[in-house]
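S.K.: Below is run_30.cif; it holds mmCIF, C-alpha atoms and all ligand atoms.
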data_run
#
loop_
_atom_site.group_PDB
_atom_site.id
_atom_site.type_symbol
_atom_site.label_atom_id
_atom_site.label_comp_id
_atom_site.auth_asym_id
_atom_site.auth_seq_id
_atom_site.Cartn_x
_atom_site.Cartn_y
_atom_site.Cartn_z
ATOM 1 C CA MET A 22 -11.476 -16.941 5.005
ATOM 2 C CA THR A 23 -11.921 -20.044 2.911
ATOM 3 C CA ASN A 24 -11.545 -19.828 -0.866
ATOM 4 C CA LEU A 25 -9.123 -16.936 -0.975
ATOM 5 C CA GLN A 26 -8.737 -15.915 -4.613
ATOM 6 C CA PHE A 27 -6.153 -13.135 -4.426
ATOM 7 C CA LEU A 28 -4.386 -13.883 -1.142
ATOM 8 C CA ARG A 29 -2.611 -16.693 0.636
ATOM 9 C CA LEU A 30 -2.594 -17.074 4.387
ATOM 10 C CA GLU A 31 -0.113 -18.806 6.707
ATOM 11 C CA ARG A 32 -0.345 -19.164 10.461
ATOM 12 C CA ASP A 33 2.463 -19.862 12.900
ATOM 13 C CA GLY A 34 1.577 -19.659 16.587
ATOM 14 C CA TYR A 35 0.273 -16.178 17.303
ATOM 15 C CA VAL A 36 1.479 -14.769 13.972
ATOM 16 C CA ALA A 37 -0.558 -14.702 10.748
ATOM 17 C CA THR A 38 1.129 -13.884 7.430
ATOM 18 C CA VAL A 39 -1.009 -12.621 4.562
ATOM 19 C CA PHE A 40 0.504 -12.901 1.055
ATOM 20 C CA LEU A 41 -0.799 -10.711 -1.791
ATOM 21 C CA ASN A 42 -1.151 -13.242 -4.574
ATOM 22 C CA ARG A 43 -1.613 -11.867 -8.113
ATOM 23 C CA PRO A 44 1.960 -12.530 -9.248
ATOM 24 C CA LYS A 45 1.305 -12.146 -13.001
ATOM 25 C CA GLN A 46 0.044 -8.591 -12.436
ATOM 26 C CA LEU A 47 2.838 -7.794 -9.932
ATOM 27 C CA ASN A 48 0.159 -7.904 -7.215
ATOM 28 C CA ALA A 49 -1.698 -4.913 -8.703
ATOM 29 C CA LEU A 50 -4.400 -4.096 -6.197
ATOM 30 C CA ASN A 51 -7.710 -4.691 -7.932
ATOM 31 C CA ILE A 52 -11.003 -4.181 -6.147
ATOM 32 C CA GLY A 53 -11.503 -7.926 -5.524
ATOM 33 C CA LEU A 54 -8.076 -8.235 -3.902
ATOM 34 C CA MET A 55 -8.659 -5.214 -1.679
ATOM 35 C CA ASP A 56 -12.095 -6.508 -0.594
ATOM 36 C CA GLU A 57 -10.536 -9.844 0.287
ATOM 37 C CA LEU A 58 -7.580 -8.212 2.025
ATOM 38 C CA VAL A 59 -9.657 -5.904 4.208
ATOM 39 C CA ALA A 60 -12.045 -8.732 5.182
ATOM 40 C CA THR A 61 -9.159 -11.106 5.974
ATOM 41 C CA LEU A 62 -7.234 -8.578 8.059
ATOM 42 C CA GLU A 63 -10.375 -7.650 9.996
ATOM 43 C CA GLU A 64 -11.125 -11.315 10.657
ATOM 44 C CA LEU A 65 -7.572 -11.895 11.925
ATOM 45 C CA ASP A 66 -7.834 -8.726 13.998
ATOM 46 C CA CYS A 67 -10.846 -10.228 15.814
ATOM 47 C CA ASP A 68 -9.261 -13.663 16.269
ATOM 48 C CA ASP A 69 -7.875 -14.110 19.809
ATOM 49 C CA SER A 70 -5.380 -16.694 18.596
ATOM 50 C CA VAL A 71 -3.648 -14.012 16.460
ATOM 51 C CA ARG A 72 -1.508 -11.336 18.097
ATOM 52 C CA ALA A 73 0.462 -9.872 15.197
ATOM 53 C CA MET A 74 0.113 -9.876 11.397
ATOM 54 C CA VAL A 75 2.614 -9.711 8.555
ATOM 55 C CA LEU A 76 1.606 -8.441 5.097
ATOM 56 C CA THR A 77 3.801 -9.367 2.170
ATOM 57 C CA GLY A 78 3.876 -10.005 -1.580
ATOM 58 C CA ASN A 79 6.562 -12.027 -3.304
ATOM 59 C CA GLU A 80 10.242 -11.438 -4.064
ATOM 60 C CA LYS A 81 9.534 -9.533 -7.293
ATOM 61 C CA ALA A 82 6.754 -7.309 -6.024
ATOM 62 C CA PHE A 83 5.065 -6.255 -2.843
ATOM 63 C CA ALA A 84 2.545 -4.531 -5.137
ATOM 64 C CA ALA A 85 2.885 -2.377 -8.286
ATOM 65 C CA GLY A 86 -0.064 -0.138 -7.425
ATOM 66 C CA ALA A 87 -3.803 0.055 -7.869
ATOM 67 C CA ASP A 88 -4.970 -1.927 -10.897
ATOM 68 C CA ILE A 89 -4.758 0.459 -13.862
ATOM 69 C CA THR A 90 -6.961 -1.743 -16.071
ATOM 70 C CA GLU A 91 -9.847 -1.191 -13.648
ATOM 71 C CA MET A 92 -9.424 2.604 -13.574
ATOM 72 C CA ALA A 93 -8.390 3.498 -17.125
ATOM 73 C CA GLY A 94 -11.871 4.295 -18.475
ATOM 74 C CA ALA A 95 -13.419 5.658 -15.286
ATOM 75 C CA ASP A 96 -14.905 9.165 -14.898
ATOM 76 C CA PRO A 97 -14.934 11.133 -11.621
ATOM 77 C CA THR A 98 -18.542 10.209 -10.842
ATOM 78 C CA THR A 99 -17.698 6.510 -11.115
ATOM 79 C CA MET A 100 -14.618 7.027 -8.945
ATOM 80 C CA LEU A 101 -16.580 8.974 -6.333
ATOM 81 C CA LYS A 102 -19.408 6.432 -6.267
ATOM 82 C CA ARG A 103 -16.996 3.532 -6.161
ATOM 83 C CA ASP A 104 -14.928 5.365 -3.505
ATOM 84 C CA GLN A 105 -12.530 2.455 -3.599
ATOM 85 C CA PHE A 106 -10.033 3.994 -1.201
ATOM 86 C CA ALA A 107 -12.583 4.462 1.584
ATOM 87 C CA LYS A 108 -12.263 0.799 2.497
ATOM 88 C CA TRP A 109 -8.527 1.284 3.046
ATOM 89 C CA ASP A 110 -9.503 3.212 6.204
ATOM 90 C CA ARG A 111 -10.450 -0.143 7.707
ATOM 91 C CA ILE A 112 -6.787 -1.213 7.477
ATOM 92 C CA ARG A 113 -5.828 1.954 9.326
ATOM 93 C CA LYS A 114 -8.268 0.992 12.063
ATOM 94 C CA LEU A 115 -6.862 -2.492 12.761
ATOM 95 C CA LYS A 116 -6.043 -2.938 16.460
ATOM 96 C CA LYS A 117 -3.266 -5.467 16.129
ATOM 97 C CA PRO A 118 0.187 -4.672 14.783
ATOM 98 C CA LEU A 119 0.623 -5.108 11.046
ATOM 99 C CA ILE A 120 4.167 -5.469 9.713
ATOM 100 C CA ALA A 121 4.962 -5.046 6.011
ATOM 101 C CA ALA A 122 7.626 -7.346 4.554
ATOM 102 C CA VAL A 123 8.579 -5.641 1.279
ATOM 103 C CA SER A 124 10.606 -7.007 -1.607
ATOM 104 C CA GLY A 125 10.815 -5.742 -5.200
ATOM 105 C CA PHE A 126 8.319 -3.194 -6.531
ATOM 106 C CA CYS A 127 6.423 -1.241 -3.894
ATOM 107 C CA LEU A 128 4.743 1.402 -6.018
ATOM 108 C CA GLY A 129 1.709 3.664 -6.065
ATOM 109 C CA GLY A 130 -1.069 1.971 -4.121
ATOM 110 C CA GLY A 131 1.487 -0.696 -3.134
ATOM 111 C CA CYS A 132 3.641 1.896 -1.401
ATOM 112 C CA GLU A 133 0.509 3.407 0.121
ATOM 113 C CA LEU A 134 -0.554 -0.013 1.396
ATOM 114 C CA ALA A 135 2.882 -0.616 2.933
ATOM 115 C CA MET A 136 2.620 2.801 4.592
ATOM 116 C CA HIS A 137 -0.702 1.723 6.154
ATOM 117 C CA CYS A 138 1.334 -0.885 8.068
ATOM 118 C CA ASP A 139 2.861 -0.095 11.466
ATOM 119 C CA ILE A 140 6.393 -1.280 10.750
ATOM 120 C CA MET A 141 8.186 -1.953 7.436
ATOM 121 C CA ILE A 142 10.994 -4.446 6.838
ATOM 122 C CA ALA A 143 12.544 -4.150 3.370
ATOM 123 C CA SER A 144 14.579 -6.524 1.304
ATOM 124 C CA GLU A 145 17.664 -4.898 -0.253
ATOM 125 C CA THR A 146 15.893 -5.355 -3.622
ATOM 126 C CA ALA A 147 12.880 -3.230 -2.639
ATOM 127 C CA GLN A 148 12.060 -0.132 -4.687
ATOM 128 C CA PHE A 149 9.578 2.452 -3.485
ATOM 129 C CA GLY A 150 7.764 5.032 -5.576
ATOM 130 C CA GLN A 151 4.596 6.999 -6.260
ATOM 131 C CA PRO A 152 4.626 6.892 -10.087
ATOM 132 C CA GLU A 153 0.972 7.946 -10.570
ATOM 133 C CA ILE A 154 2.075 11.265 -12.126
ATOM 134 C CA LYS A 155 3.463 9.327 -15.086
ATOM 135 C CA ILE A 156 -0.007 8.037 -15.943
ATOM 136 C CA GLY A 157 -1.690 11.435 -15.610
ATOM 137 C CA VAL A 158 -2.954 11.170 -12.025
ATOM 138 C CA MET A 159 -1.640 11.433 -8.457
ATOM 139 C CA PRO A 160 -1.577 9.207 -5.370
ATOM 140 C CA GLY A 161 -5.099 8.603 -4.044
ATOM 141 C CA ALA A 162 -4.738 6.236 -1.094
ATOM 142 C CA GLY A 163 -2.658 8.336 1.265
ATOM 143 C CA GLY A 164 0.610 8.709 -0.666
ATOM 144 C CA THR A 165 0.817 12.497 -0.585
ATOM 145 C CA GLN A 166 0.031 12.512 3.132
ATOM 146 C CA ARG A 167 1.852 9.517 4.577
ATOM 147 C CA LEU A 168 4.963 9.804 2.410
ATOM 148 C CA THR A 169 5.366 13.483 3.327
ATOM 149 C CA ARG A 170 5.105 12.602 7.016
ATOM 150 C CA ALA A 171 7.535 9.724 6.670
ATOM 151 C CA ILE A 172 10.324 11.307 4.611
ATOM 152 C CA GLY A 173 9.655 15.061 4.690
ATOM 153 C CA LYS A 174 8.233 17.554 2.193
ATOM 154 C CA ALA A 175 11.223 18.016 -0.130
ATOM 155 C CA ARG A 176 11.822 14.322 -0.769
ATOM 156 C CA ALA A 177 8.105 13.488 -0.972
ATOM 157 C CA MET A 178 7.514 16.352 -3.398
ATOM 158 C CA GLU A 179 10.252 15.116 -5.730
ATOM 159 C CA MET A 180 8.956 11.545 -5.643
ATOM 160 C CA VAL A 181 5.309 12.543 -6.169
ATOM 161 C CA LEU A 182 6.046 15.068 -8.953
ATOM 162 C CA THR A 183 8.567 12.976 -10.892
ATOM 163 C CA GLY A 184 7.429 9.434 -10.076
ATOM 164 C CA LYS A 185 11.052 8.420 -9.521
ATOM 165 C CA PHE A 186 11.737 5.354 -7.399
ATOM 166 C CA ILE A 187 13.971 5.194 -4.347
ATOM 167 C CA SER A 188 16.031 2.181 -3.309
ATOM 168 C CA ALA A 189 15.613 0.243 -0.075
ATOM 169 C CA GLN A 190 18.777 1.918 1.297
ATOM 170 C CA GLU A 191 17.414 5.389 0.506
ATOM 171 C CA ALA A 192 14.063 4.429 2.034
ATOM 172 C CA TYR A 193 15.936 3.440 5.185
ATOM 173 C CA GLN A 194 18.029 6.641 5.257
ATOM 174 C CA PHE A 195 14.882 8.727 4.733
ATOM 175 C CA GLY A 196 13.010 6.956 7.565
ATOM 176 C CA LEU A 197 10.392 5.170 5.464
ATOM 177 C CA VAL A 198 11.408 1.644 6.517
ATOM 178 C CA ASN A 199 12.639 0.207 9.806
ATOM 179 C CA ARG A 200 15.515 -1.762 8.304
ATOM 180 C CA VAL A 201 16.907 -3.300 5.156
ATOM 181 C CA VAL A 202 17.911 -6.949 5.193
ATOM 182 C CA PRO A 203 19.200 -9.451 2.594
ATOM 183 C CA ALA A 204 16.575 -10.666 0.124
ATOM 184 C CA GLU A 205 16.666 -14.208 1.527
ATOM 185 C CA VAL A 206 15.477 -13.124 4.974
ATOM 186 C CA TYR A 207 13.122 -10.169 4.542
ATOM 187 C CA LEU A 208 10.063 -12.261 5.302
ATOM 188 C CA SER A 209 11.575 -14.288 8.151
ATOM 189 C CA GLU A 210 12.898 -11.065 9.749
ATOM 190 C CA ALA A 211 9.418 -9.548 9.626
ATOM 191 C CA GLN A 212 7.925 -12.727 11.075
ATOM 192 C CA LYS A 213 10.583 -12.801 13.812
ATOM 193 C CA LEU A 214 9.653 -9.265 14.774
ATOM 194 C CA ALA A 215 5.964 -10.211 14.743
ATOM 195 C CA HIS A 216 6.698 -13.113 17.127
ATOM 196 C CA GLU A 217 8.658 -10.782 19.406
ATOM 197 C CA ILE A 218 5.684 -8.401 19.593
ATOM 198 C CA ALA A 219 3.256 -11.319 19.962
ATOM 199 C CA ALA A 220 5.078 -12.359 23.151
ATOM 200 C CA MET A 221 4.104 -9.047 24.811
ATOM 201 C CA SER A 222 0.814 -8.376 26.549
ATOM 202 C CA PRO A 223 -1.770 -8.117 23.744
ATOM 203 C CA VAL A 224 -3.659 -5.458 25.695
ATOM 204 C CA ALA A 225 -0.550 -3.330 26.197
ATOM 205 C CA VAL A 226 0.380 -3.766 22.519
ATOM 206 C CA ARG A 227 -3.082 -2.682 21.410
ATOM 207 C CA LEU A 228 -3.140 0.406 23.588
ATOM 208 C CA ALA A 229 0.449 1.344 22.733
ATOM 209 C CA LYS A 230 -0.270 1.077 18.989
ATOM 210 C CA GLU A 231 -3.381 3.189 19.473
ATOM 211 C CA ALA A 232 -1.347 5.855 21.294
ATOM 212 C CA VAL A 233 1.368 6.054 18.604
ATOM 213 C CA LEU A 234 -1.312 6.314 15.906
ATOM 214 C CA LYS A 235 -3.023 9.094 17.834
ATOM 215 C CA VAL A 236 -0.104 11.453 17.289
ATOM 216 C CA TYR A 237 0.659 10.136 13.788
ATOM 217 C CA GLU A 238 -2.945 10.623 12.663
ATOM 218 C CA SER A 239 -3.498 14.113 14.056
ATOM 219 C CA PHE A 240 -4.397 16.248 11.029
ATOM 220 C CA LEU A 241 -3.917 13.233 8.751
ATOM 221 C CA LEU A 242 -7.609 12.613 8.153
ATOM 222 C CA ASP A 243 -8.332 16.020 6.608
ATOM 223 C CA GLY A 244 -5.377 15.540 4.280
ATOM 224 C CA LEU A 245 -6.530 12.064 3.237
ATOM 225 C CA GLU A 246 -9.984 13.365 2.340
ATOM 226 C CA PHE A 247 -8.477 16.220 0.324
ATOM 227 C CA GLU A 248 -6.127 13.914 -1.564
ATOM 228 C CA ARG A 249 -8.890 11.399 -2.363
ATOM 229 C CA LYS A 250 -11.179 14.088 -3.831
ATOM 230 C CA ASN A 251 -8.344 15.458 -6.008
ATOM 231 C CA PHE A 252 -7.504 11.953 -7.209
ATOM 232 C CA TYR A 253 -11.117 11.300 -8.247
ATOM 233 C CA LEU A 254 -11.283 14.745 -9.905
ATOM 234 C CA LEU A 255 -8.373 13.876 -12.200
ATOM 235 C CA PHE A 256 -10.614 11.317 -13.896
ATOM 236 C CA ALA A 257 -12.310 14.309 -15.571
ATOM 237 C CA THR A 258 -9.121 14.976 -17.581
ATOM 238 C CA GLU A 259 -8.021 13.762 -20.991
ATOM 239 C CA ASP A 260 -4.530 13.369 -19.548
ATOM 240 C CA GLN A 261 -5.738 10.632 -17.162
ATOM 241 C CA LYS A 262 -7.295 8.735 -20.102
ATOM 242 C CA GLU A 263 -4.132 9.215 -22.163
ATOM 243 C CA GLY A 264 -1.753 8.319 -19.313
ATOM 244 C CA MET A 265 -3.493 5.091 -18.382
ATOM 245 C CA ALA A 266 -4.158 4.079 -22.007
ATOM 246 C CA ALA A 267 -0.471 4.665 -22.804
ATOM 247 C CA PHE A 268 0.569 2.402 -19.900
ATOM 248 C CA LEU A 269 -1.759 -0.385 -21.048
ATOM 249 C CA GLU A 270 -0.648 0.014 -24.680
ATOM 250 C CA LYS A 271 3.013 0.070 -23.570
ATOM 251 C CA ARG A 272 3.848 3.437 -25.160
ATOM 252 C CA ALA A 273 4.892 6.888 -23.919
ATOM 253 C CA PRO A 274 1.982 9.213 -23.028
ATOM 254 C CA GLN A 275 1.360 12.570 -24.780
ATOM 255 C CA PHE A 276 -0.003 14.888 -22.101
ATOM 256 C CA LYS A 277 -1.873 18.020 -23.271
ATOM 257 C CA GLY A 278 -2.905 19.624 -20.004
ATOM 258 C CA LYS A 279 -6.605 18.963 -20.686
HETATM 259 N N1 LIG A 301 -2.101 -2.208 -12.772
HETATM 260 C C1 LIG A 301 -2.395 -3.175 -13.655
HETATM 261 N N2 LIG A 301 -1.488 -3.987 -14.217
HETATM 262 C C2 LIG A 301 -0.201 -3.800 -13.850
HETATM 263 C C3 LIG A 301 0.190 -2.811 -12.938
HETATM 264 C C4 LIG A 301 -0.834 -1.986 -12.380
HETATM 265 N N3 LIG A 301 -0.558 -1.041 -11.480
HETATM 266 N N4 LIG A 301 1.539 -2.871 -12.788
HETATM 267 C C5 LIG A 301 1.966 -3.883 -13.585
HETATM 268 N N5 LIG A 301 0.914 -4.439 -14.206
HETATM 269 C C6 LIG A 301 0.941 -5.572 -15.155
HETATM 270 C C7 LIG A 301 1.506 -5.135 -16.512
HETATM 271 O O1 LIG A 301 0.499 -4.516 -17.301
HETATM 272 C C8 LIG A 301 1.974 -6.458 -17.085
HETATM 273 O O2 LIG A 301 0.849 -7.145 -17.545
HETATM 274 P P1 LIG A 301 0.959 -7.997 -18.967
HETATM 275 O O3 LIG A 301 1.980 -9.067 -18.656
HETATM 276 O O4 LIG A 301 -0.432 -8.525 -19.125
HETATM 277 O O5 LIG A 301 1.412 -7.032 -19.999
HETATM 278 C C9 LIG A 301 2.465 -7.215 -15.828
HETATM 279 O O6 LIG A 301 1.843 -6.561 -14.696
HETATM 280 C C10 LIG A 301 3.964 -7.122 -15.654
HETATM 281 O O7 LIG A 301 4.349 -5.750 -15.713
HETATM 282 P P2 LIG A 301 5.465 -5.175 -16.731
HETATM 283 O O8 LIG A 301 5.535 -6.012 -17.959
HETATM 284 O O9 LIG A 301 5.213 -3.700 -16.902
HETATM 285 O O10 LIG A 301 6.788 -5.433 -15.833
HETATM 286 P P3 LIG A 301 8.157 -4.604 -15.856
HETATM 287 O O11 LIG A 301 9.078 -5.382 -14.980
HETATM 288 O O12 LIG A 301 8.555 -4.246 -17.250
HETATM 289 O O13 LIG A 301 7.808 -3.196 -15.122
HETATM 290 C C11 LIG A 301 6.821 -1.840 -13.378
HETATM 291 C C12 LIG A 301 7.424 -3.210 -13.775
HETATM 292 C C13 LIG A 301 7.893 -0.750 -13.451
HETATM 293 C C14 LIG A 301 6.312 -1.991 -11.955
HETATM 294 C C15 LIG A 301 5.661 -1.484 -14.372
HETATM 295 O O14 LIG A 301 4.779 -2.603 -14.440
HETATM 296 C C16 LIG A 301 4.856 -0.283 -13.949
HETATM 297 O O15 LIG A 301 5.272 0.845 -14.165
HETATM 298 N N6 LIG A 301 3.650 -0.532 -13.362
HETATM 299 C C17 LIG A 301 2.729 0.526 -13.011
HETATM 300 C C18 LIG A 301 3.145 1.254 -11.767
HETATM 301 C C19 LIG A 301 2.169 2.356 -11.475
HETATM 302 O O16 LIG A 301 1.966 3.275 -12.258
HETATM 303 N N7 LIG A 301 1.517 2.254 -10.300
HETATM 304 C C20 LIG A 301 0.552 3.240 -9.866
HETATM 305 C C21 LIG A 301 -0.845 2.790 -10.220
HETATM 306 S S1 LIG A 301 -2.103 3.999 -9.881
HETATM 307 C C22 LIG A 301 -2.285 3.946 -8.204
HETATM 308 O O17 LIG A 301 -1.711 3.139 -7.507
HETATM 309 C C23 LIG A 301 -3.251 4.976 -7.633
HETATM 310 C C24 LIG A 301 -3.231 5.063 -6.156
HETATM 311 O O18 LIG A 301 -2.780 6.031 -5.567
HETATM 312 C C25 LIG A 301 -3.828 4.002 -5.355
#
Just give me the structure as structure tokens.
M.R.:
Amino acid sequence: MTNLQFLRLERDGYVATVFLNRPKQLNALNIGLMDELVATLEELDCDDSVRAMVLTGNEKAFAAGADITEMAGADPTTMLKRDQFAKWDRIRKLKKPLIAAVSGFCLGGGCELAMHCDIMIASETAQFGQPEIKIGVMPGAGGTQRLTRAIGKARAMEMVLTGKFISAQEAYQFGLVNRVVPAEVYLSEAQKLAHEIAAMSPVAVRLAKEAVLKVYESFLLDGLEFERKNFYLLFATEDQKEGMAAFLEKRAPQFKGK
């Protein structure tokens, strides 16, 4: 865990806090960051001196999505071979509780990453969205599946098809986050909750988490596989090239349905 390039790590008693740390890119989740994140979380998961983990970004952004610069020119074969979202399954398999502390932008892959966590605490400044449709693609790391489960079909459909963001308050009303707190305390509230859980029997916590996930994940895995394949398939379209190029060139995209 030495030489972290894209993350920062803090420890306090039984609680470890992992900070996504690419502030200039609004914590866009590039492949290097995700490799580091998965390895770090797995290492903490195996460390007996850690009982609960907090995942956070900074005040401006939890994360603004997968890194578009890395995907813009890719074709479906590259995406399939790279299969970059497969490693996200390892976050899903963590045994210890993982709490997301979310402030600012929580979009695309960022929202999907937060939804991989067991509990979400949001700052009143948090904004959630799946804006992939605006760049000619769709969510690929669980957004269509987890968001629909969390907030229901009608709301998820609108968010996924329009890319519109929802506020922290709406996310709370819709059941996406556990609570909304003032911006100054979103991280400390998440850490407080992590300490509260860390004071319980680690064995009971592990088995209880496993049991809740059992019901949550029934039928989820088929849906995740389906979504991932469709996401990779979209890299065969001109609209994906146009949508991502337009984002990087800071202009509006012209979609042609090809
Ligand atoms: N990938 C790469 N770079 C990104 C990024 C992303 N997802 N999001 C932001 N950035 C970069 C910007 O390009 C910009 O870089 P430069 O300073 O070098 O120009 C920097 O971060 C700051 O961003 P903005 O200047 O755009 O900041 P803003 O405050 O005007 O807007 C924003 C903020 C609304 C979040 C806007 O950045 C945005 O729309 N980002 C993209 C969101 C998005 O489409 N996410 C989905 C990605 S695809 C995905 O996640 C697939 C999946 O299912 C996993």
S.K.: Run the PyMOL selection byres (((chain A and resi 256-272) around 6) and not hetatm) on the file and write out the hits as a list in words.
M.R.: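 Output from the PyMOL selection byres (((chain A and resi 256-272) around 6) and not hetatm), applied to this file: Ala93, Asp96, Pro97, Ile156, Gly157, Val158, Tyr253, Leu254, Leu255, Ala273, Pro274, Phe276 and Lys279 of chain A.
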S.K.: Can you pull out every residue within 9 Å of Leu245 of chain A, counting all atoms listed in the file, but drop anything in the same chain fewer than 5 positions away, and send it as a list in words?
M.R.: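 Skipping anything fewer than 5 positions along the chain leaves Gly161, Ala162, Gly163, Gly164, Thr165, Gln166, Arg167 and Lys250 of chain A.
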S.K.: For Pro118 of chain A, which residue out of A:Phe195, A:Phe252, A:Phe186, A:Tyr35 is the nearest one, using only C-alpha atoms?
M.R.: A:Tyr35
S.K.: Starting from the displayed file, determine the output of the PyMOL selection byres (((chain A and resi 108) around 10) and not hetatm) and express the residue list as an MDAnalysis selection string.
M.R.: chainID A and resid 55:56 59:60 104:107 109:113 162
S.K.: With C-alpha atoms kept, could you save the residues just selected as a PDB file, in the frame of the given file?
M.R.:
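The result, written out as part10.pdb:
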ATOM      1  CA  MET A  55      -8.659  -5.214  -1.679  1.00  0.00           C
ATOM      2  CA  ASP A  56     -12.095  -6.508  -0.594  1.00  0.00           C
ATOM      3  CA  VAL A  59      -9.657  -5.904   4.208  1.00  0.00           C
ATOM      4  CA  ALA A  60     -12.045  -8.732   5.182  1.00  0.00           C
ATOM      5  CA  ASP A 104     -14.928   5.365  -3.505  1.00  0.00           C
ATOM      6  CA  GLN A 105     -12.530   2.455  -3.599  1.00  0.00           C
ATOM      7  CA  PHE A 106     -10.033   3.994  -1.201  1.00  0.00           C
ATOM      8  CA  ALA A 107     -12.583   4.462   1.584  1.00  0.00           C
ATOM      9  CA  TRP A 109      -8.527   1.284   3.046  1.00  0.00           C
ATOM     10  CA  ASP A 110      -9.503   3.212   6.204  1.00  0.00           C
ATOM     11  CA  ARG A 111     -10.450  -0.143   7.707  1.00  0.00           C
ATOM     12  CA  ILE A 112      -6.787  -1.213   7.477  1.00  0.00           C
ATOM     13  CA  ARG A 113      -5.828   1.954   9.326  1.00  0.00           C
ATOM     14  CA  ALA A 162      -4.738   6.236  -1.094  1.00  0.00           C
TER      15      ALA A 162
END
S.K.: Using only C-alpha atoms, find the one residue out of A:Leu214, A:Ala121, A:Ala85, A:Val39 that sits nearest to Glu153 of chain A.
M.R.: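 Checking each of A:Leu214, A:Ala121, A:Ala85, A:Val39 against Glu153 of chain A, counting only C-alpha atoms, the winner is A:Ala85.
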S.K.: As a check of understanding, name the residues that the PyMOL selection byres (((chain A and resi 170) around 12) and not hetatm) selects in the supplied structure, as a list of chain:residue names.
M.R.: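 Listing what the PyMOL selection byres (((chain A and resi 170) around 12) and not hetatm) selects in the shown file: A:Met136, A:Gly163, A:Gly164, A:Thr165, A:Gln166, A:Arg167, A:Leu168, A:Thr169, A:Ala171, A:Ile172, A:Gly173, A:Lys174, A:Ala175, A:Arg176, A:Ala177, A:Met178, A:Phe195, A:Gly196, A:Leu197, A:Val236, A:Tyr237, A:Glu238, A:Ser239, A:Phe240, A:Leu241, A:Gly244.
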S.K.: For the selection you just gave me, I'd like the residues written to a file as a compact mmCIF listing (two decimals), in the coordinates of the input, keeping C-alpha atoms.
M.R.:
# COMPACT_ATOMS: atom_id res chain seq x y z
CA MET A 136 2.62 2.80 4.59
CA GLY A 163 -2.66 8.34 1.26
CA GLY A 164 0.61 8.71 -0.67
CA THR A 165 0.82 12.50 -0.58
CA GLN A 166 0.03 12.51 3.13
CA ARG A 167 1.85 9.52 4.58
CA LEU A 168 4.96 9.80 2.41
CA THR A 169 5.37 13.48 3.33
CA ALA A 171 7.54 9.72 6.67
CA ILE A 172 10.32 11.31 4.61
CA GLY A 173 9.65 15.06 4.69
CA LYS A 174 8.23 17.55 2.19
CA ALA A 175 11.22 18.02 -0.13
CA ARG A 176 11.82 14.32 -0.77
CA ALA A 177 8.10 13.49 -0.97
CA MET A 178 7.51 16.35 -3.40
CA PHE A 195 14.88 8.73 4.73
CA GLY A 196 13.01 6.96 7.56
CA LEU A 197 10.39 5.17 5.46
CA VAL A 236 -0.10 11.45 17.29
CA TYR A 237 0.66 10.14 13.79
CA GLU A 238 -2.94 10.62 12.66
CA SER A 239 -3.50 14.11 14.06
CA PHE A 240 -4.40 16.25 11.03
CA LEU A 241 -3.92 13.23 8.75
CA GLY A 244 -5.38 15.54 4.28
S.K.: Return the single residue from A:His216, A:Arg43, A:Arg29, A:Arg200 that is closest to ligand LIG 301 (chain A), with distances computed using all atoms listed in the file.
M.R.: A:Arg43
S.K.: List the residues sitting within 10 Å of (-9.2, -12.8, 8.8) in the file's frame, using all atoms listed in the file, as a ChimeraX atom specification.
M.R.: /A:22-23,30,37,39,57-68,71
S.K.: With C-alpha atoms kept, could you save the residues just selected as a CSV table (one decimal), in the coordinates of the input?
M.R.:
chain,number,residue,atom,x,y,z
A,22,MET,CA,-11.5,-16.9,5.0
A,23,THR,CA,-11.9,-20.0,2.9
A,30,LEU,CA,-2.6,-17.1,4.4
A,37,ALA,CA,-0.6,-14.7,10.7
A,39,VAL,CA,-1.0,-12.6,4.6
A,57,GLU,CA,-10.5,-9.8,0.3
A,58,LEU,CA,-7.6,-8.2,2.0
A,59,VAL,CA,-9.7,-5.9,4.2
A,60,ALA,CA,-12.0,-8.7,5.2
A,61,THR,CA,-9.2,-11.1,6.0
A,62,LEU,CA,-7.2,-8.6,8.1
A,63,GLU,CA,-10.4,-7.6,10.0
A,64,GLU,CA,-11.1,-11.3,10.7
A,65,LEU,CA,-7.6,-11.9,11.9
A,66,ASP,CA,-7.8,-8.7,14.0
A,67,CYS,CA,-10.8,-10.2,15.8
A,68,ASP,CA,-9.3,-13.7,16.3
A,71,VAL,CA,-3.6,-14.0,16.5
S.K.: Select from segment 48-125 of chain A every residue with an atom at most 12 Å from any atom of segment 203-207 of chain A, then for each give the shortest pair of atoms and their distance in Å to one decimal, using only C-alpha atoms, rows by chain and rising number, as a Markdown table.
M.R.:
| residue | atom | partner | partner_atom | distance |
| --- | --- | --- | --- | --- |
| A:Val75 | CA | A:Tyr207 | CA | 11.3 |
| A:Leu76 | CA | A:Tyr207 | CA | 11.7 |
| A:Thr77 | CA | A:Tyr207 | CA | 9.7 |
| A:Gly78 | CA | A:Tyr207 | CA | 11.1 |
| A:Asn79 | CA | A:Tyr207 | CA | 10.4 |
| A:Glu80 | CA | A:Ala204 | CA | 7.6 |
| A:Lys81 | CA | A:Ala204 | CA | 10.3 |
| A:Phe83 | CA | A:Tyr207 | CA | 11.6 |
| A:Ile120 | CA | A:Tyr207 | CA | 11.4 |
| A:Ala121 | CA | A:Tyr207 | CA | 9.7 |
| A:Ala122 | CA | A:Tyr207 | CA | 6.2 |
| A:Val123 | CA | A:Tyr207 | CA | 7.2 |
| A:Ser124 | CA | A:Ala204 | CA | 7.2 |
| A:Gly125 | CA | A:Ala204 | CA | 9.3 |
S.K.: Go through A:Leu208, A:Glu217, A:Glu231, A:Met100 one by one, measure the shortest atom-to-atom distance of each to Phe40 of chain A using all atoms listed in the file, and give the residue with the smallest value.
M.R.: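 Closest to Phe40 of chain A of all the choices is A:Leu208.
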